[in-house]
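Peer 1: Next up is a structure, given as C-alpha cells.
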Amino acid sequence: MNTLVNIGMYVTYALFFVALAALLFFAVTQFIDNIRRSKTTLYAFIALIVVYAISYLCSSPTDVGEAFLEKTDTSMAASKLIGSGMLMFYILFFGTAVTLVGTEIAKIFKK
C-alpha cells in the first residue's frame, strides 16, 4: 500500500513539472509572437522586480530577536527574505488602494 502511494506521488510530481514546462513554453512563445501587445505585461513584470528589489534593500534581517530565530530554526538570510516579501506586499497593497481611491476621485471631478 505504501509503495502505491509513493508511485502516485512521483507520478503527480512528474505531471506537475510537465504542466509547468508546458505553461512556460506556451507563455514564452505567445510573448514572442505578440511582442507589441506584450509590452505592458513586460513593463508590469519589470515593475514587480523593481518593487521587490526596493523592498529587499529596505528590509532588515534583525527585525526579530535572535532567540526567536534560533527557536524557529530560521537563518538571518531567510528572515531578510520574509521581511522583504512582507514589505513588498504592503507596498503593493497600499499602492493598489491609493490607485483605486484616486481613480474614484478623478471620476467625481470629471463629471
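Residues are referred to by chain and number: the chain letter is A, B, ... according to the order shown in the C-alpha cells, the number counts from 1 in that chain, and ligands are numbered separately from 1 in the order shown.
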Extract, using only C-alpha atoms, all DNA, RNA and protein residues at most 12 Å from Ile54 of chain A, discarding same-chain residues fewer than 2 positions from it, and format them as a list in words.
Peer 2: Ala47, Leu48, Ile49, Val50, Val51, Tyr52, Tyr56, Leu57, Cys58, Ser59, Gly83, Ser84, Gly85, Leu87, Met88, Ile91 and Leu92 of chain A
Peer 1: Among the residues of chain A, find those DSSP assigns to helix (DSSP H, G or I) from the backbone and print them as a PyMOL selection string.
Peer 2: chain A and resi 2-33+39-58+66-71+76-110
Peer 1: With only C-alpha atoms as the counted atoms, please give the residues lying no more than 12 Å from Ser79 of chain A, apart from itself and same-chain residues fewer than 6 positions off, as a ChimeraX atom specification.
Peer 2: /A:56,59-66,68-70,72-73,85-86
Peer 1: Mind checking which residues fall within 12 Å of segment 15-28 of chain A, counting only C-alpha atoms, ignoring those fewer than 6 positions away in the same chain, and posting them as a short mmCIF file (atom, residue, chain, number, x, y, z; two decimals) with N, CA and C atoms, in the first residue's frame?
Peer 2:
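This went into out-v6.cif:
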```cif
data_model
loop_
_atom_site.label_atom_id
_atom_site.label_comp_id
_atom_site.auth_asym_id
_atom_site.auth_seq_id
_atom_site.Cartn_x
_atom_site.Cartn_y
_atom_site.Cartn_z
N GLY A 8 2.26 7.00 -6.79
CA GLY A 8 1.28 8.05 -7.11
C GLY A 8 1.85 9.44 -6.90
N MET A 9 2.61 9.61 -5.84
CA MET A 9 3.23 10.92 -5.58
C MET A 9 4.25 11.26 -6.66
N ASN A 34 3.59 37.89 -30.08
CA ASN A 34 2.86 39.15 -29.96
C ASN A 34 3.65 40.13 -29.12
N ILE A 35 4.83 40.48 -29.56
CA ILE A 35 5.73 41.30 -28.74
C ILE A 35 5.17 42.70 -28.54
N SER A 38 2.51 42.59 -25.93
CA SER A 38 3.03 42.08 -24.68
C SER A 38 3.89 43.08 -23.93
N THR A 41 2.69 43.82 -20.37
CA THR A 41 2.99 42.72 -19.47
C THR A 41 4.45 42.76 -19.05
N LEU A 42 5.33 43.04 -20.00
CA LEU A 42 6.75 43.14 -19.70
C LEU A 42 7.02 44.29 -18.74
#
```
Peer 1: Work out how far atom CA of Ile82 of chain A is from atom CA of Ser55 of chain A, in Å to one decimal.
Peer 2: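 It comes out at 10.5 Å.
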